[in-house]
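Shown next, in structure tokens, is the structure this report addresses.
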Amino acid sequence: PPSDLSKPYWDAAANGQLLIQVCATCGAKRHYPRLLCDQCYSDEVRWEQLSGRGTIHSWTVAHHAYHPSFANELPYTMVTVDLAEGTRALGCWRGDTPQIGQPVAGQFETGDGAPVLVFAPLDGE
């Protein structure tokens, strides 16, 4: 369940928006929400909406459901994406075999549970 720390992220995700923390002291972006900036250790934060666009940094195929809600999708592919705005995000893959450096766009899928960040190839890519 969302905590006070992560509630802005999950509220935005439920509305289809990727919102991340930005350190209000040094400007470092961080995704997933955390209490302290890993650059300057400040707890001052502001929130910024990102486009969800980026390129694939790495990917893997999961053969074990690390959360029960993914059990029906086994095996599933996860991608780590270098987002255009300068941080990384992890999400499920929707497409053929991903390629390192491939341009992608992310969005949230909603179902019975929490919104899930998914990435797919950019149209025409």
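By order of appearance in the structure tokens: chains A, B, ..., then residues from 1 within every chain, and ligands from 1 in the order shown.
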
*asked:* For Gly27 in chain A, find every residue with an atom within 10 Å (counting only C-alpha atoms), except residues of its own chain fewer than 5 positions away, and show them as a list in words.
replied: Gln21, Val22, Cys37, Gln39, Cys40, Val45 and Arg46 of chain A

How would the residues just chosen look if you wrote them out with all heavy atoms as a tab-separated table (two decimals), in the first residue's frame?
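Once written, again-v9.tsv looks like this:
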chain	number	residue	atom	x	y	z
A	21	GLN	N	10.42	11.87	-7.86
A	21	GLN	CA	10.99	12.83	-6.93
A	21	GLN	C	12.20	13.51	-7.55
A	21	GLN	O	12.98	12.88	-8.27
A	21	GLN	CB	11.45	12.13	-5.66
A	21	GLN	CG	10.35	11.59	-4.80
A	21	GLN	CD	10.91	10.86	-3.60
A	21	GLN	OE1	11.92	10.18	-3.68
A	21	GLN	NE2	10.24	10.99	-2.47
A	22	VAL	N	12.35	14.80	-7.23
A	22	VAL	CA	13.53	15.57	-7.58
A	22	VAL	C	14.00	16.22	-6.29
A	22	VAL	O	13.20	16.82	-5.56
A	22	VAL	CB	13.23	16.64	-8.65
A	22	VAL	CG1	14.46	17.47	-8.95
A	22	VAL	CG2	12.68	16.00	-9.92
A	37	CYS	N	17.91	11.88	-0.69
A	37	CYS	CA	18.62	11.98	-1.96
A	37	CYS	C	19.91	11.17	-1.86
A	37	CYS	O	20.64	11.30	-0.88
A	37	CYS	CB	18.94	13.45	-2.25
A	37	CYS	SG	19.98	13.71	-3.69
A	39	GLN	N	22.45	11.60	-3.65
A	39	GLN	CA	23.58	12.45	-4.03
A	39	GLN	C	24.03	13.35	-2.88
A	39	GLN	O	25.22	13.48	-2.62
A	39	GLN	CB	23.21	13.32	-5.24
A	39	GLN	CG	22.84	12.54	-6.48
A	39	GLN	CD	23.99	11.72	-7.01
A	39	GLN	OE1	25.08	12.24	-7.19
A	39	GLN	NE2	23.75	10.44	-7.24
A	40	CYS	N	23.06	14.00	-2.20
A	40	CYS	CA	23.43	14.97	-1.16
A	40	CYS	C	22.79	14.66	0.20
A	40	CYS	O	23.02	15.38	1.16
A	40	CYS	CB	23.07	16.38	-1.59
A	40	CYS	SG	21.30	16.75	-1.57
A	45	VAL	N	12.22	17.53	-1.09
A	45	VAL	CA	11.83	16.93	-2.36
A	45	VAL	C	10.73	17.74	-3.03
A	45	VAL	O	9.94	18.41	-2.38
A	45	VAL	CB	11.36	15.46	-2.12
A	45	VAL	CG1	10.07	15.41	-1.32
A	45	VAL	CG2	11.23	14.71	-3.42
A	46	ARG	N	10.73	17.70	-4.35
A	46	ARG	CA	9.62	18.19	-5.15
A	46	ARG	C	9.31	17.08	-6.15
A	46	ARG	O	10.09	16.15	-6.32
A	46	ARG	CB	9.94	19.52	-5.83
A	46	ARG	CG	11.09	19.48	-6.80
A	46	ARG	CD	11.39	20.90	-7.34
A	46	ARG	NE	12.63	20.91	-8.07
A	46	ARG	CZ	12.79	20.54	-9.35
A	46	ARG	NH1	11.75	20.12	-10.04
A	46	ARG	NH2	13.97	20.58	-9.94

*Nearest-residue call for Pro75 in chain A, choices A:Thr110, A:Cys23, A:Phe119, A:Cys92, using only C-alpha atoms*: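 Under the stated criterion, the closest residue is A:Cys92.
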
*Work out how far CA of Arg53 in chain A is from CA of Asp112 in chain A, in Å to one decimal.*
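About the pair CA of Asp112 in chain A and CA of Arg53 in chain A: they are 25.4 Å apart.
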
For Leu35 in chain A, please output as a PDB file with N, CA, C and O atoms, in the first residue's frame all residues within 9 Å (counting only C-alpha atoms; exclusion window: fewer than 5 positions along the same chain).
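In the end it all went to result14.pdb:
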ATOM      1  N   LEU A   5       5.335   8.623   1.869  1.00  0.00           N
ATOM      2  CA  LEU A   5       6.456   8.879   0.967  1.00  0.00           C
ATOM      3  C   LEU A   5       6.096   8.599  -0.491  1.00  0.00           C
ATOM      4  O   LEU A   5       6.462   9.348  -1.386  1.00  0.00           O
ATOM      5  N   TYR A  41      21.966  13.612   0.255  1.00  0.00           N
ATOM      6  CA  TYR A  41      21.319  13.135   1.490  1.00  0.00           C
ATOM      7  C   TYR A  41      20.275  14.090   2.049  1.00  0.00           C
ATOM      8  O   TYR A  41      19.868  13.949   3.199  1.00  0.00           O
ATOM      9  N   SER A  42      19.814  15.029   1.238  1.00  0.00           N
ATOM     10  CA  SER A  42      18.746  15.929   1.671  1.00  0.00           C
ATOM     11  C   SER A  42      17.420  15.173   1.683  1.00  0.00           C
ATOM     12  O   SER A  42      17.203  14.258   0.886  1.00  0.00           O
ATOM     13  N   ASP A  43      16.519  15.580   2.578  1.00  0.00           N
ATOM     14  CA  ASP A  43      15.173  15.015   2.570  1.00  0.00           C
ATOM     15  C   ASP A  43      14.161  15.982   1.950  1.00  0.00           C
ATOM     16  O   ASP A  43      12.964  15.721   1.948  1.00  0.00           O
ATOM     17  N   GLU A  44      14.649  17.076   1.377  1.00  0.00           N
ATOM     18  CA  GLU A  44      13.783  18.041   0.697  1.00  0.00           C
ATOM     19  C   GLU A  44      13.480  17.521  -0.704  1.00  0.00           C
ATOM     20  O   GLU A  44      14.390  17.115  -1.435  1.00  0.00           O
ATOM     21  N   VAL A  45      12.216  17.532  -1.086  1.00  0.00           N
ATOM     22  CA  VAL A  45      11.825  16.926  -2.357  1.00  0.00           C
ATOM     23  C   VAL A  45      10.729  17.745  -3.027  1.00  0.00           C
ATOM     24  O   VAL A  45       9.944  18.412  -2.381  1.00  0.00           O
TER      25      VAL A  45
END

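Among the candidates A:Pro2, A:Pro33, A:Gly91, A:Pro98, the residue lying nearest to Pro121 in chain A is A:Pro98 (atoms considered: only C-alpha atoms).
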
*For the atom pair CA of Pro103 in chain A and CA of Cys26 in chain A, what is the interatomic distance in Å to one decimal place?*
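Interatomic distance here is 28.4 Å.
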
*Smallest atom-to-atom distance to Ala12 in chain A: which of A:Ala84, A:Ile56, A:Leu117, A:Leu122, using only C-alpha atoms?*
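Under the stated criterion, the closest residue is A:Leu117.
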
_Taking only range 5-122 of chain A into account, list the residues labelled strand (DSSP E or B) by DSSP (computed from the backbone), as a ChimeraX atom specification._
/A:18-23,29-30,45-50,53-62,76-83,88-93,103-109,116-121

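From CA of Trp47 in chain A back to CA of Gly86 in chain A, the distance works out to 14.3 Å.
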
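Around Tyr9 in chain A, within 8 Å and counting only C-alpha atoms, the residues found are Ala13, Leu18, Leu19, Ile20 and Pro33 of chain A, once anything fewer than 4 positions away on its own chain is removed.
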
*Determine the nearest neighbour of Phe70 in chain A from the options A:Thr55, A:Ala114, A:Arg30, A:Gln99, counting only C-alpha atoms.*
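So, comparing all the options, the nearest one is A:Ala114.
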
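Residues of chain A that DSSP places in alpha helix (DSSP H), based on the backbone of this structure, are Lys7, Pro8, Tyr9, Trp10, Asp11, Ala12, Ala13 and Ala14 of chain A.
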